[in-house]
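Reproduced below: work_12.txt, with compact mmCIF, C-alpha atoms.
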# COMPACT_ATOMS: atom_id res chain seq x y z
CA MET A 419 0.00 0.00 0.00
CA THR A 420 1.08 3.55 -0.58
CA LEU A 421 1.79 6.02 2.21
CA ARG A 422 -1.49 7.74 1.52
CA GLN A 423 -3.43 4.48 1.80
CA LEU A 424 -1.69 3.57 5.04
CA ARG A 425 -2.57 6.96 6.51
CA ARG A 426 -6.23 6.41 5.73
CA VAL A 427 -6.13 2.99 7.41
CA ALA A 428 -4.29 4.50 10.38
CA SER A 429 -7.02 7.11 10.66
CA VAL A 430 -9.67 4.36 10.82
CA CYS A 431 -7.63 2.45 13.41
CA GLY A 432 -7.26 5.53 15.59
CA VAL A 433 -3.48 5.90 15.30
CA SER A 434 -2.43 9.23 16.79
CA ARG A 435 -0.19 11.58 14.83
CA TYR A 436 -0.32 9.29 11.82
CA SER A 437 0.23 12.23 9.44
CA ARG A 438 3.78 12.72 10.78
CA MET A 439 4.83 9.06 10.55
CA ARG A 440 6.80 7.38 7.85
CA LYS A 441 5.56 4.34 5.98
CA SER A 442 7.40 1.85 8.17
CA GLN A 443 6.13 3.53 11.35
CA LEU A 444 2.56 3.53 10.11
CA LEU A 445 2.78 -0.16 9.20
CA GLU A 446 4.14 -0.99 12.63
CA GLU A 447 1.42 0.93 14.46
CA ILE A 448 -1.34 -0.64 12.35
CA GLN A 449 0.03 -4.13 12.99
CA LYS A 450 0.12 -3.45 16.73
CA ILE A 451 -3.54 -2.46 16.67
CA GLN A 452 -4.42 -5.54 14.61
CA SER A 453 -2.64 -7.84 17.05
CA THR A 454 -4.43 -6.35 20.06
CA GLN A 455 -7.91 -6.76 18.59
CA SER A 456 -9.85 -9.13 20.87
CA THR A 457 -12.97 -9.62 18.76
CA LEU A 458 -13.48 -10.72 15.18
CA SER A 459 -15.71 -7.87 14.17
CA PRO A 460 -13.13 -5.03 14.33
CA SER A 461 -10.55 -7.20 12.56
CA THR A 462 -13.05 -7.95 9.83
CA LYS A 463 -13.79 -4.26 9.45
CA LEU A 464 -10.06 -3.48 9.20
CA GLU A 465 -9.51 -6.11 6.52
CA ALA A 466 -12.49 -4.79 4.60
CA GLN A 467 -11.08 -1.25 4.85
CA LEU A 468 -7.72 -2.47 3.52
CA GLU A 469 -9.43 -4.15 0.56
CA VAL A 470 -11.40 -1.00 -0.21
CA GLU A 471 -8.33 1.22 -0.11
CA ALA A 472 -6.33 -1.17 -2.29
CA GLY A 473 -9.24 -1.52 -4.72
CA LYS A 474 -9.28 2.21 -5.42
CA PHE A 475 -5.96 1.88 -7.22
CA GLU A 476 -6.66 -1.38 -9.02
CA LEU A 477 -6.57 -1.02 -12.81
CA GLY A 478 -8.00 -4.45 -13.54
CA VAL A 479 -4.72 -5.68 -15.12
CA ASP A 480 -3.23 -8.74 -13.46
CA VAL A 481 -0.35 -9.18 -15.91
CA ASP A 482 2.95 -7.70 -14.72
CA LEU A 483 4.78 -6.87 -17.94
CA THR A 484 8.56 -6.57 -17.90
CA ALA A 485 10.52 -3.97 -19.86
CA ALA A 486 11.29 -6.48 -22.60
CA GLU A 487 7.64 -7.45 -22.92
CA LEU A 488 6.59 -3.80 -23.10
CA ALA A 489 9.14 -3.14 -25.85
CA ALA A 490 7.74 -6.05 -27.81
CA VAL A 491 4.30 -4.40 -27.96
CA ASP A 492 5.46 -2.03 -30.73
CA GLU A 493 7.46 -4.68 -32.51
CA GLY A 494 6.59 -4.83 -36.18
CA LEU A 495 5.15 -1.31 -36.34
CA GLY A 496 6.81 0.99 -38.86
CA ASP A 497 7.96 4.55 -38.24
CA LEU A 498 5.60 7.44 -38.81
CA PRO A 499 6.05 8.92 -42.31
CA SER A 500 7.80 12.25 -42.72
CA GLY A 501 4.85 13.49 -44.77
CA TYR A 502 1.51 12.43 -46.15
CA GLY A 503 1.83 13.64 -49.74
CA ASP A 504 -0.65 16.52 -49.38
CA SER A 505 0.33 20.20 -49.41
CA ARG A 506 -1.17 21.69 -46.28
CA ILE A 507 -0.45 24.51 -43.83
CA VAL A 508 -2.16 25.28 -40.52
CA LEU A 509 -2.16 28.59 -38.63
CA LEU A 510 -2.85 28.66 -34.88
CA ALA A 511 -3.11 31.62 -32.48
CA ARG A 512 -0.67 31.29 -29.60
CA ASP A 513 -1.55 34.61 -27.94
CA PRO A 514 -2.55 38.14 -29.10
CA GLN A 515 0.98 38.85 -30.34
CA TRP A 516 2.24 35.54 -31.74
CA ALA A 517 0.92 32.82 -34.04
CA TYR A 518 2.22 29.33 -34.77
CA ALA A 519 2.24 27.71 -38.23
CA TYR A 520 3.14 24.19 -39.30
CA TRP A 521 2.98 22.62 -42.75
CA ASP A 522 3.53 19.49 -44.82
CA ILE A 523 4.67 20.08 -48.42
CA PRO A 524 5.77 17.19 -50.69
CA ILE A 525 9.18 17.65 -52.27
CA GLU A 526 7.63 17.05 -55.72
CA HIS A 527 5.39 20.10 -55.27
CA LYS A 528 8.37 22.23 -54.27
CA ASN A 529 10.39 21.10 -57.26
CA GLU A 530 7.50 21.95 -59.58
CA LEU A 531 7.31 25.54 -58.33
CA ARG A 532 11.08 25.92 -58.44
CA TYR A 533 10.93 24.85 -62.08
CA HIS A 534 8.47 27.74 -62.70
CA GLY A 535 10.83 30.33 -61.19
CA GLY A 536 10.46 29.96 -57.44
CA GLN A 537 13.59 31.07 -55.59
CA GLN A 538 12.97 31.96 -51.92
CA LEU A 539 10.64 29.87 -49.74
CA ALA A 540 8.62 32.23 -47.54
CA LEU A 541 5.50 32.65 -45.45
CA ARG A 542 2.98 35.40 -46.14
CA ILE A 543 0.43 36.32 -43.50
CA TYR A 544 -2.61 38.29 -44.68
CA ASP A 545 -5.02 40.44 -42.68
CA VAL A 546 -8.38 39.16 -43.99
CA THR A 547 -10.71 40.73 -41.43
CA ASP A 548 -14.24 40.83 -42.91
CA ILE A 549 -13.05 40.10 -46.46
CA ASN A 550 -12.81 37.14 -48.84
CA LEU A 551 -9.24 36.72 -50.04
CA ASP A 552 -10.38 34.88 -53.17
CA HIS A 553 -11.68 38.08 -54.76
CA GLN A 554 -10.59 40.91 -52.44
CA SER A 555 -7.24 42.39 -51.47
CA PRO A 556 -6.04 41.89 -47.88
CA HIS A 557 -5.75 44.81 -45.49
CA SER A 558 -2.03 44.13 -45.02
CA ILE A 559 0.66 41.58 -45.93
CA GLN A 560 3.72 40.48 -43.97
CA GLU A 561 6.35 38.22 -45.58
CA TYR A 562 8.91 36.08 -43.72
CA PRO A 563 11.64 34.12 -45.57
CA ILE A 564 12.07 30.62 -44.12
CA ASP A 565 14.44 27.68 -44.44
CA GLU A 566 13.72 24.89 -46.92
CA MET A 567 13.97 22.24 -44.18
CA ALA A 568 11.66 24.01 -41.72
CA ARG A 569 8.34 22.39 -40.88
CA GLU A 570 7.04 24.99 -38.40
CA TRP A 571 7.44 28.67 -37.61
CA TYR A 572 6.42 31.28 -35.04
CA LEU A 573 5.23 34.59 -36.52
CA PRO A 574 4.63 37.98 -34.84
CA ILE A 575 1.09 39.27 -35.25
CA PRO A 576 0.97 42.82 -36.73
CA VAL A 577 -2.35 43.81 -35.09
CA SER A 578 -4.36 41.83 -32.56
CA ASP A 579 -8.13 41.29 -32.64
CA ARG A 580 -8.04 40.63 -36.38
CA SER A 581 -8.45 37.63 -38.70
CA TYR A 582 -5.44 36.23 -40.56
CA THR A 583 -4.65 33.69 -43.27
CA ILE A 584 -1.19 32.39 -44.09
CA ASP A 585 0.41 31.25 -47.35
CA ILE A 586 3.54 29.20 -47.87
CA GLY A 587 5.11 29.61 -51.28
CA TYR A 588 8.01 30.80 -53.39
CA ARG A 589 8.96 34.35 -54.28
CA CYS A 590 10.31 34.68 -57.82
CA GLY A 591 13.02 36.99 -59.04
CA ASP A 592 10.50 38.94 -61.11
CA GLY A 593 8.22 39.56 -58.11
CA ARG A 594 5.72 36.75 -58.73
CA TRP A 595 4.33 34.80 -55.78
CA LEU A 596 3.77 31.05 -56.27
CA VAL A 597 1.54 29.49 -53.60
CA LEU A 598 2.22 26.01 -52.25
CA ALA A 599 -0.61 25.95 -49.68
CA ARG A 600 -2.99 28.34 -47.91
CA SER A 601 -4.50 28.01 -44.44
CA THR A 602 -8.00 28.77 -43.29
CA SER A 603 -8.80 32.08 -41.59
CA VAL A 604 -7.88 32.33 -37.90
CA SER A 605 -9.10 34.99 -35.45
CA ILE A 606 -6.40 36.42 -33.18
CA PRO A 607 -7.65 37.48 -29.70
CA PRO A 608 -7.28 41.13 -28.60
CA VAL A 609 -4.63 42.32 -26.15
CA TYR A 610 -7.30 44.29 -24.26
CA PRO A 611 -10.46 42.97 -22.56
CA SER A 612 -13.25 42.05 -24.95
CA ASP A 613 -15.98 44.62 -25.56
CA TRP A 614 -18.47 41.80 -26.06
CA ILE A 615 -20.69 42.17 -22.97
CA GLU A 616 -23.97 40.90 -24.40
CA ASP A 617 -25.19 37.54 -23.05
CA VAL A 618 -27.60 35.49 -25.11
CA PHE A 619 -29.39 32.49 -23.58
CA ILE A 620 -31.60 30.13 -25.52
CA THR A 621 -33.55 26.98 -24.64
CA VAL A 622 -33.34 24.12 -27.11
CA PRO A 623 -35.78 21.22 -26.72
CA TRP A 624 -34.12 17.86 -26.11
CA GLU A 625 -35.72 16.26 -29.16
CA GLU A 626 -34.86 19.21 -31.48
CA GLU A 627 -32.81 18.31 -34.56
CA LEU A 628 -29.75 20.61 -34.54
CA ILE A 629 -28.10 19.74 -37.85
CA GLY A 630 -28.38 22.55 -40.40
CA LYS A 631 -30.23 24.95 -38.08
CA THR A 632 -29.31 28.39 -36.79
CA PHE A 633 -31.08 29.51 -33.62
CA VAL A 634 -29.21 32.76 -32.83
CA GLU A 635 -26.82 34.79 -34.96
CA LEU A 636 -24.29 36.63 -32.82
CA ILE A 637 -23.06 39.97 -34.17
CA PRO A 638 -19.77 41.41 -32.83
CA PRO A 639 -20.14 44.78 -31.07
CA SER A 640 -17.79 46.41 -33.59
CA HIS A 641 -20.11 45.41 -36.45
CA LYS A 642 -23.15 46.74 -34.60
CA ALA A 643 -21.41 50.06 -34.01
CA SER A 644 -20.35 50.34 -37.64
CA GLU A 645 -23.88 49.64 -38.89
CA THR A 646 -25.31 52.23 -36.51
CA GLY A 647 -22.69 54.75 -37.56
CA ALA A 648 -23.38 54.16 -41.24
CA THR A 649 -27.12 54.66 -40.71
CA ALA A 650 -26.58 57.84 -38.74
CA GLY A 651 -24.33 59.23 -41.45
CA THR A 652 -26.74 58.61 -44.34
CA GLY A 653 -27.44 61.77 -46.32
CA THR A 654 -24.70 63.87 -44.72
CA GLY A 655 -22.71 64.07 -47.94
CA THR A 656 -19.47 62.77 -46.46
CA GLY A 657 -19.02 60.09 -49.10
CA ILE A 658 -17.87 57.52 -46.54
CA GLY A 659 -18.53 54.01 -47.92
CA THR A 660 -19.99 51.12 -46.01
CA GLY A 661 -18.43 48.28 -48.03
CA THR A 662 -16.70 45.28 -46.53
CA ASP A 663 -13.32 46.57 -47.64
CA ARG A 664 -13.37 49.23 -44.94
CA ASN A 665 -12.25 48.47 -41.41
CA ALA A 666 -15.06 48.33 -38.85
CA ILE A 667 -13.29 50.80 -36.58
CA TYR A 668 -13.20 53.25 -39.49
CA GLU A 669 -16.95 53.01 -39.80
CA ARG A 670 -17.35 53.68 -36.11
CA ILE A 671 -15.19 56.79 -36.24
CA PHE A 672 -16.23 58.26 -39.59
CA GLY A 673 -19.91 57.45 -39.13
CA MET A 674 -20.07 59.79 -36.15
CA ALA A 675 -17.65 62.43 -37.40
CA ASP A 676 -20.39 64.60 -38.89
CA SER A 677 -22.23 65.00 -35.61
CA VAL A 678 -19.20 65.73 -33.42
CA GLU A 679 -19.32 69.49 -33.89
CA SER A 680 -23.06 69.72 -33.36
CA LEU A 681 -22.79 67.55 -30.27
CA ARG A 682 -20.06 69.79 -28.93
CA VAL A 683 -22.24 72.88 -29.31
CA ASN A 684 -25.55 71.38 -28.27
CA GLY A 685 -24.01 69.55 -25.33
CA SER A 686 -22.39 72.71 -23.97
CA LEU A 687 -24.05 75.26 -21.74
CA TYR A 688 -23.67 77.97 -24.37
CA GLY A 689 -25.23 75.84 -27.13
CA SER A 690 -28.16 74.92 -24.91
CA MET A 691 -28.82 78.56 -24.07
CA GLN A 692 -28.98 79.50 -27.73
CA HIS A 693 -31.93 77.14 -28.20
CA SER A 694 -33.80 77.42 -24.91
CA PRO A 695 -32.44 79.99 -22.45
CA MET A 696 -35.10 79.49 -19.78
CA GLU A 697 -34.83 75.71 -19.85
CA SER A 698 -31.06 75.78 -19.69
CA LEU A 699 -31.10 78.21 -16.78
CA SER A 700 -33.53 76.10 -14.77
CA SER A 701 -31.29 73.10 -15.37
CA PHE A 702 -27.98 74.71 -14.48
CA VAL A 703 -28.78 77.09 -11.60
CA PHE A 704 -27.58 75.91 -8.19
CA PRO A 705 -29.79 76.54 -5.09
CA SER A 706 -27.81 79.59 -4.08
CA GLY A 707 -27.19 80.80 -7.61
CA ALA A 708 -23.46 80.44 -7.11
CA GLY A 709 -21.42 79.61 -10.17
CA MET A 710 -23.72 81.44 -12.57
CA TRP A 711 -21.24 84.29 -12.98
CA SER A 712 -19.61 82.46 -15.89
CA LEU A 713 -22.74 82.48 -18.05
CA PRO A 714 -22.70 84.88 -21.03
CA THR A 715 -24.94 87.94 -20.58
CA THR A 716 -27.65 86.55 -18.35
CA SER A 717 -29.90 89.26 -16.97
CA GLY A 718 -30.39 89.27 -13.22
CA VAL A 719 -27.06 87.54 -12.54
CA ASN A 720 -23.96 89.38 -11.39
CA MET A 721 -20.48 88.22 -10.53
CA SER A 722 -21.43 87.18 -7.00
CA GLY A 723 -24.54 85.28 -8.06
CA VAL A 724 -26.93 87.52 -6.12
CA GLY A 725 -30.17 88.76 -7.60
CA MET A 726 -31.34 85.28 -8.48
CA SER A 727 -34.24 85.38 -6.04
CA GLY A 728 -36.30 87.49 -8.41
CA ILE A 729 -36.00 85.11 -11.34
CA GLY A 730 -38.29 82.50 -9.78
CA MET A 731 -36.61 79.44 -11.37
CA ASP A 732 -36.67 75.95 -9.86
CA VAL A 733 -33.46 74.09 -9.15
CA GLY A 734 -33.46 70.84 -11.08
CA GLU A 735 -31.37 68.15 -12.64
CA ARG A 736 -31.03 66.66 -16.08
CA GLN A 737 -29.69 63.49 -17.63
CA ARG A 738 -26.38 63.75 -19.45
CA GLN A 739 -24.60 61.17 -21.57
CA PHE A 740 -20.86 61.20 -22.01
CA TRP A 741 -18.81 59.25 -24.53
CA LEU A 742 -15.47 59.14 -26.31
CA ILE A 743 -14.05 57.40 -29.37
CA ALA A 744 -10.43 57.59 -30.47
CA ASP A 745 -8.17 55.55 -32.69
CA ALA A 746 -5.30 55.90 -35.15
CA GLU A 747 -4.49 55.30 -38.79
CA LEU A 748 -1.17 54.65 -40.44
CA ILE A 749 -0.38 56.47 -43.71
CA VAL A 750 2.69 55.70 -45.80
CA TYR A 751 3.34 57.97 -48.76
CA GLY A 752 6.08 58.78 -51.24
CA ALA A 753 6.98 59.21 -54.90
CA THR A 754 9.20 57.65 -57.56
CA GLU A 755 9.32 57.31 -61.35
CA PRO A 756 5.77 56.88 -62.74
CA ASP A 757 6.70 53.65 -64.58
CA ALA A 758 8.39 52.01 -61.57
CA ALA A 759 6.98 49.10 -59.52
CA VAL A 760 6.48 49.84 -55.82
CA SER A 761 5.62 47.31 -53.12
CA ILE A 762 4.90 47.92 -49.43
CA GLY A 763 5.23 44.87 -47.23
CA GLY A 764 5.16 42.65 -50.30
CA ARG A 765 1.95 44.21 -51.61
CA GLN A 766 2.06 45.93 -54.98
CA ILE A 767 0.97 49.59 -54.82
CA LYS A 768 -0.64 51.45 -57.71
CA LEU A 769 1.12 54.71 -58.52
CA ASN A 770 -0.51 57.97 -59.50
CA PRO A 771 0.27 59.38 -62.97
CA ASP A 772 2.94 61.63 -61.45
CA GLY A 773 4.62 58.75 -59.60
CA THR A 774 3.26 59.55 -56.13
CA PHE A 775 1.67 56.91 -53.92
CA ARG A 776 -0.24 56.75 -50.65
CA PHE A 777 -1.06 53.66 -48.52
CA GLN A 778 -3.47 53.90 -45.58
CA MET A 779 -4.46 51.24 -43.05
CA SER A 780 -5.78 50.77 -39.53
CA PHE A 781 -3.06 51.25 -36.89
CA GLN A 782 -3.94 48.97 -33.96
CA ASP A 783 -1.79 47.79 -31.05
CA GLY A 784 1.28 45.79 -32.01
CA ASN A 785 4.19 45.95 -34.43
CA ILE A 786 3.94 46.61 -38.16
CA ASP A 787 6.97 45.80 -40.31
CA TYR A 788 6.88 47.56 -43.71
CA PRO A 789 9.74 47.21 -46.20
CA ILE A 790 9.13 49.58 -49.13
CA ILE A 791 10.80 48.62 -52.41
CA ALA A 792 10.80 50.49 -55.74
CA VAL A 793 12.10 48.72 -58.86
CA ALA A 794 12.80 50.52 -62.14
CA LYS A 795 10.86 49.51 -65.23
CA ASP A 796 13.83 47.64 -66.72
CA GLY A 797 14.44 45.87 -63.39
CA GLU A 798 18.09 46.98 -63.18
CA GLN A 799 17.74 49.64 -60.48
CA GLN A 800 16.18 49.40 -57.07
CA ARG A 801 15.61 51.68 -54.08
CA SER A 802 14.21 50.65 -50.72
CA VAL A 803 13.45 51.82 -47.18
CA HIS A 804 12.54 49.61 -44.23
CA MET A 805 10.05 51.06 -41.70
CA THR A 806 8.68 49.57 -38.49
CA PHE A 807 5.85 51.00 -36.41
CA ASP A 808 4.86 50.17 -32.84
CA ARG A 809 1.70 51.15 -31.04
CA ALA A 810 0.57 50.43 -27.48
CA THR A 811 -2.63 51.41 -25.69
CA PRO A 812 -1.90 51.22 -21.91
CA SER A 813 -5.50 51.97 -21.02
CA ARG A 814 -8.85 52.05 -22.78
CA ASN A 815 -11.98 53.64 -21.33
CA THR A 816 -14.06 54.56 -24.37
CA ASN A 817 -17.60 54.12 -25.54
CA THR A 818 -19.72 55.17 -28.48
CA LYS A 819 -22.65 57.53 -28.34
CA GLU A 820 -25.05 54.60 -28.60
CA GLU A 821 -23.38 52.92 -25.61
CA ALA A 822 -23.43 56.04 -23.43
CA VAL A 823 -25.46 55.69 -20.22
CA ALA A 824 -27.52 58.63 -18.92
CA GLU A 825 -26.13 60.13 -15.71
CA LYS A 826 -27.64 62.70 -13.38
CA TRP A 827 -26.05 66.13 -13.56
CA PHE A 828 -27.23 69.00 -11.35
The structure in this file should be written as structure tokens.
Amino acid sequence: MTLRQLRRVASVCGVSRYSRMRKSQLLEEIQKIQSTQSTLSPSTKLEAQLEVEAGKFELGVDVDLTAAELAAVDEGLGDLPSGYGDSRIVLLARDPQWAYAYWDIPIEHKNELRYHGGQQLALRIYDVTDINLDHQSPHSIQEYPIDEMAREWYLPIPVSDRSYTIDIGYRCGDGRWLVLARSTSVSIPPVYPSDWIEDVFITVPWEEELIGKTFVELIPPSHKASETGATAGTGTGTGIGTGTDRNAIYERIFGMADSVESLRVNGSLYGSMQHSPMESLSSFVFPSGAGMWSLPTTSGVNMSGVGMSGIGMDVGERQRQFWLIADAELIVYGATEPDAAVSIGGRQIKLNPDGTFRFQMSFQDGNIDYPIIAVAKDGEQQRSVHMTFDRATPSRNTNTKEEAVAEKWF
């Protein structure tokens, strides 16, 4: 029996301080108690307790296999294959800042792409948040050269709380990208607490058939905010689109941009007085009238606040809502010869007729690595600059206008 089993038996037998004894001491004390038992009944109970304790650790296997016999179990089994003949790559989220990828590419497939011009084996990770990569361009591209013998790789995530897809393939000398395999889309968790606070509970009958049925469709809070912002901005003439190619955070910011100035005026004391002076006064006057000296040209009010007794206004309160939205965008711009080829982070950029270019994207928390390369039309000259950008948000206490909660303000 193990030490733990013996302690349980010692507890039943009434051995004092059994928890401090060693195995040999416990066995000796239990044997002493067994030998001093005068009746059959306690001894029977003790034996039954021993059988119960031993039975808890019985695995039902009576055969005691030796090391040689255990080694013979795998005899005749072949080694696992190095690959399964199918080009495949898998992307997994390790944490908000790192992802893990592993792949299995047959050597025949690699040789075929090398024959078509493939030179450098690399991984390309695409930001595919709310888009279909089959017919839409990704929000951003990061490329990482890898070794031919590698079977796995850790990759830094440019921006958390986004969806990513990864390619493994060959980069050609002429800029072409030959794909060996592509993974499915993976959602990377955010580095900050989730803003998803809505709980949805449903009751499904036991006999209900679940295959092929959708009971509740959950919509992320960012999508709800973008839809609300797009509806609020309809008809304002801003020209902000609502297509899937625009980041959801853009919709949230731009959708409310038109009403910011009006909210600033209407939400202020001065703006309220322009519309309804009497109502604003009754809402803002304190019982003693103190503090009213800062109001613009209010009759009956002087610097000390006296003279308010003749106005006859009631002191009251009103509900106020307070909110804030803030975010950042990253803009990369420059110019070169109009017939040159420019790529940013491996993504080809269309130049303006005068050779200028401008690339804009969402700038979320994390690191963005952007090599910018310009190649002359004849391919003989090249210029480049390597930029990296880091953003961190130590704290976040924001909410949209729709999420603002009314608070009492005297």
Computed interatomic separation between CA of Arg814 in chain A and CA of Val618 in chain A (Å):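 Distance reported for this atom pair: 25.1 Å.
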Contact residues around Val622 in chain A with only C-alpha atoms at 9 Å, ignoring same-chain residues under 4 positions, as a list in words: Glu626, Leu628 and Phe633 of chain A
Closest of A:Glu530, A:Glu747, A:Asp787, A:Glu566 to Ile762 in chain A - atom-to-atom distances counting only C-alpha atoms: A:Asp787
Gap from CA of Leu539 in chain A to CA of Gly763 in chain A - Å, one decimal: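 We find that CA of Leu539 in chain A and CA of Gly763 in chain A lie 16.1 Å from each other.
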Close residues, Ile790 in chain A itself excluded, 9 Å, all atoms listed in the file, min 5 positions apart in chain, as number ranges by chain: A: 760-764, 801-805
Can you tell me, as a short mmCIF file (atom, residue, chain, number, x, y, z; two decimals) with C-alpha atoms, keeping the file's coordinate frame, what residues are no more than 9 Å from Leu510 in chain A when counting all atoms listed in the file, ignoring any on the same chain fewer than 4 positions away?
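Result file part-v6.cif:
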data_model
loop_
_atom_site.label_atom_id
_atom_site.label_comp_id
_atom_site.auth_asym_id
_atom_site.auth_seq_id
_atom_site.Cartn_x
_atom_site.Cartn_y
_atom_site.Cartn_z
CA ALA A 517 0.92 32.82 -34.04
CA TYR A 518 2.22 29.33 -34.77
CA ALA A 519 2.24 27.71 -38.23
CA TYR A 520 3.14 24.19 -39.30
CA VAL A 604 -7.88 32.33 -37.90
CA SER A 605 -9.10 34.99 -35.45
CA ILE A 606 -6.40 36.42 -33.18
#
One-decimal distance in Å that lies between CA of Ser601 in chain A and CA of Ser505 in chain A: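 The value is 10.4 Å.
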Padding 3 Å on each side, edges along x, y and z: where is the centre of the box around the listed atoms of range 517-522 of chain A, and how long are its edges in Å to one decimal? Output it as JSON.
{"center_x": 2.2, "center_y": 26.2, "center_z": -39.4, "size_x": 8.6, "size_y": 19.3, "size_z": 16.8}
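Compared by their closest atoms to Val577 in chain A, and using only C-alpha atoms, the residues A:Leu598, A:Ile629, A:Val609, A:Ile564 rank with A:Val609 nearest.
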A:Leu531, A:Ile575, A:Val597, A:Ile448 ranked by distance to Val433 in chain A, top pick (using all atoms listed in the file): A:Ile448
Top pick for closest residue to Thr816 in chain A, considering A:Ala428, A:Pro556, A:Ala744, A:Tyr788 and counting all atoms listed in the file: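 Ranked by minimum distance to Thr816 in chain A, first place goes to A:Ala744.
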Non-local contacts of Pro611 in chain A (12 Å; all atoms listed in the file; under 4 positions in same chain excluded) as a ChimeraX atom specification: /A:514,578-579,607,615,811-815
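The shortest atom-to-atom distance to Ser558 in chain A, with only C-alpha atoms taken into account, belongs to A:Ser581 out of A:Gln467, A:Ser437, A:Ser581, A:Ser453.
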Pick from A:Ile584, A:Met567, A:Leu509, A:Leu468 nearest to Arg542 in chain A, counting only C-alpha atoms: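 That would be A:Ile584, the residue with the smallest distance to Arg542 in chain A.
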Radius query 9 Å about (8.3, 48.8, -58.3), atoms used: only C-alpha atoms, as a PyMOL selection string: chain A and resi 754+757-761+766-767+791-795+797+800-801
Surrounding residues of range 768-784 of chain A excluding itself and chain neighbours under 5 positions, 6 Å, all atoms listed in the file, as a PDB file with C-alpha atoms, in the frame of the given file:
ATOM      1  CA  PRO A 576       0.970  42.820 -36.730  1.00  0.00           C
ATOM      2  CA  VAL A 577      -2.350  43.810 -35.090  1.00  0.00           C
ATOM      3  CA  ALA A 746      -5.300  55.900 -35.150  1.00  0.00           C
ATOM      4  CA  GLU A 747      -4.490  55.300 -38.790  1.00  0.00           C
ATOM      5  CA  LEU A 748      -1.170  54.650 -40.440  1.00  0.00           C
ATOM      6  CA  ILE A 749      -0.380  56.470 -43.710  1.00  0.00           C
ATOM      7  CA  VAL A 750       2.690  55.700 -45.800  1.00  0.00           C
ATOM      8  CA  TYR A 751       3.340  57.970 -48.760  1.00  0.00           C
ATOM      9  CA  GLY A 752       6.080  58.780 -51.240  1.00  0.00           C
ATOM     10  CA  ALA A 753       6.980  59.210 -54.900  1.00  0.00           C
ATOM     11  CA  THR A 754       9.200  57.650 -57.560  1.00  0.00           C
ATOM     12  CA  GLU A 755       9.320  57.310 -61.350  1.00  0.00           C
ATOM     13  CA  PRO A 756       5.770  56.880 -62.740  1.00  0.00           C
ATOM     14  CA  ASP A 808       4.860  50.170 -32.840  1.00  0.00           C
ATOM     15  CA  ARG A 809       1.700  51.150 -31.040  1.00  0.00           C
ATOM     16  CA  ALA A 810       0.570  50.430 -27.480  1.00  0.00           C
TER      17      ALA A 810
END
Start from the incomplete input, build N, CA, C and O atoms for range 755-763 of chain A, and deliver everything as a PDB file, keeping the file's coordinate frame.
ATOM      1  N   GLU A 755       9.600  57.191 -59.924  1.00  0.00           N
ATOM      2  CA  GLU A 755       9.320  57.310 -61.350  1.00  0.00           C
ATOM      3  C   GLU A 755       7.938  56.718 -61.649  1.00  0.00           C
ATOM      4  O   GLU A 755       7.578  55.659 -61.107  1.00  0.00           O
ATOM      5  N   PRO A 756       7.144  57.359 -62.493  1.00  0.00           N
ATOM      6  CA  PRO A 756       5.770  56.880 -62.740  1.00  0.00           C
ATOM      7  C   PRO A 756       5.694  55.450 -63.290  1.00  0.00           C
ATOM      8  O   PRO A 756       4.700  54.764 -63.082  1.00  0.00           O
ATOM      9  N   ASP A 757       6.756  54.995 -64.008  1.00  0.00           N
ATOM     10  CA  ASP A 757       6.700  53.650 -64.580  1.00  0.00           C
ATOM     11  C   ASP A 757       7.368  52.599 -63.705  1.00  0.00           C
ATOM     12  O   ASP A 757       7.542  51.449 -64.111  1.00  0.00           O
ATOM     13  N   ALA A 758       7.748  52.956 -62.469  1.00  0.00           N
ATOM     14  CA  ALA A 758       8.390  52.010 -61.570  1.00  0.00           C
ATOM     15  C   ALA A 758       7.351  51.111 -60.903  1.00  0.00           C
ATOM     16  O   ALA A 758       6.151  51.376 -60.943  1.00  0.00           O
ATOM     17  N   ALA A 759       7.835  50.027 -60.290  1.00  0.00           N
ATOM     18  CA  ALA A 759       6.980  49.100 -59.520  1.00  0.00           C
ATOM     19  C   ALA A 759       7.306  49.273 -58.046  1.00  0.00           C
ATOM     20  O   ALA A 759       8.463  49.135 -57.638  1.00  0.00           O
ATOM     21  N   VAL A 760       6.300  49.591 -57.249  1.00  0.00           N
ATOM     22  CA  VAL A 760       6.480  49.840 -55.820  1.00  0.00           C
ATOM     23  C   VAL A 760       5.674  48.821 -55.031  1.00  0.00           C
ATOM     24  O   VAL A 760       4.504  48.565 -55.342  1.00  0.00           O
ATOM     25  N   SER A 761       6.310  48.242 -54.015  1.00  0.00           N
ATOM     26  CA  SER A 761       5.620  47.310 -53.120  1.00  0.00           C
ATOM     27  C   SER A 761       5.858  47.737 -51.680  1.00  0.00           C
ATOM     28  O   SER A 761       6.960  48.175 -51.329  1.00  0.00           O
ATOM     29  N   ILE A 762       4.830  47.615 -50.870  1.00  0.00           N
ATOM     30  CA  ILE A 762       4.900  47.920 -49.430  1.00  0.00           C
ATOM     31  C   ILE A 762       4.535  46.650 -48.684  1.00  0.00           C
ATOM     32  O   ILE A 762       3.410  46.166 -48.792  1.00  0.00           O
ATOM     33  N   GLY A 763       5.481  46.105 -47.950  1.00  0.00           N
ATOM     34  CA  GLY A 763       5.230  44.870 -47.230  1.00  0.00           C
ATOM     35  C   GLY A 763       4.893  43.719 -48.145  1.00  0.00           C
ATOM     36  O   GLY A 763       4.120  42.831 -47.789  1.00  0.00           O
TER      37      GLY A 763
END
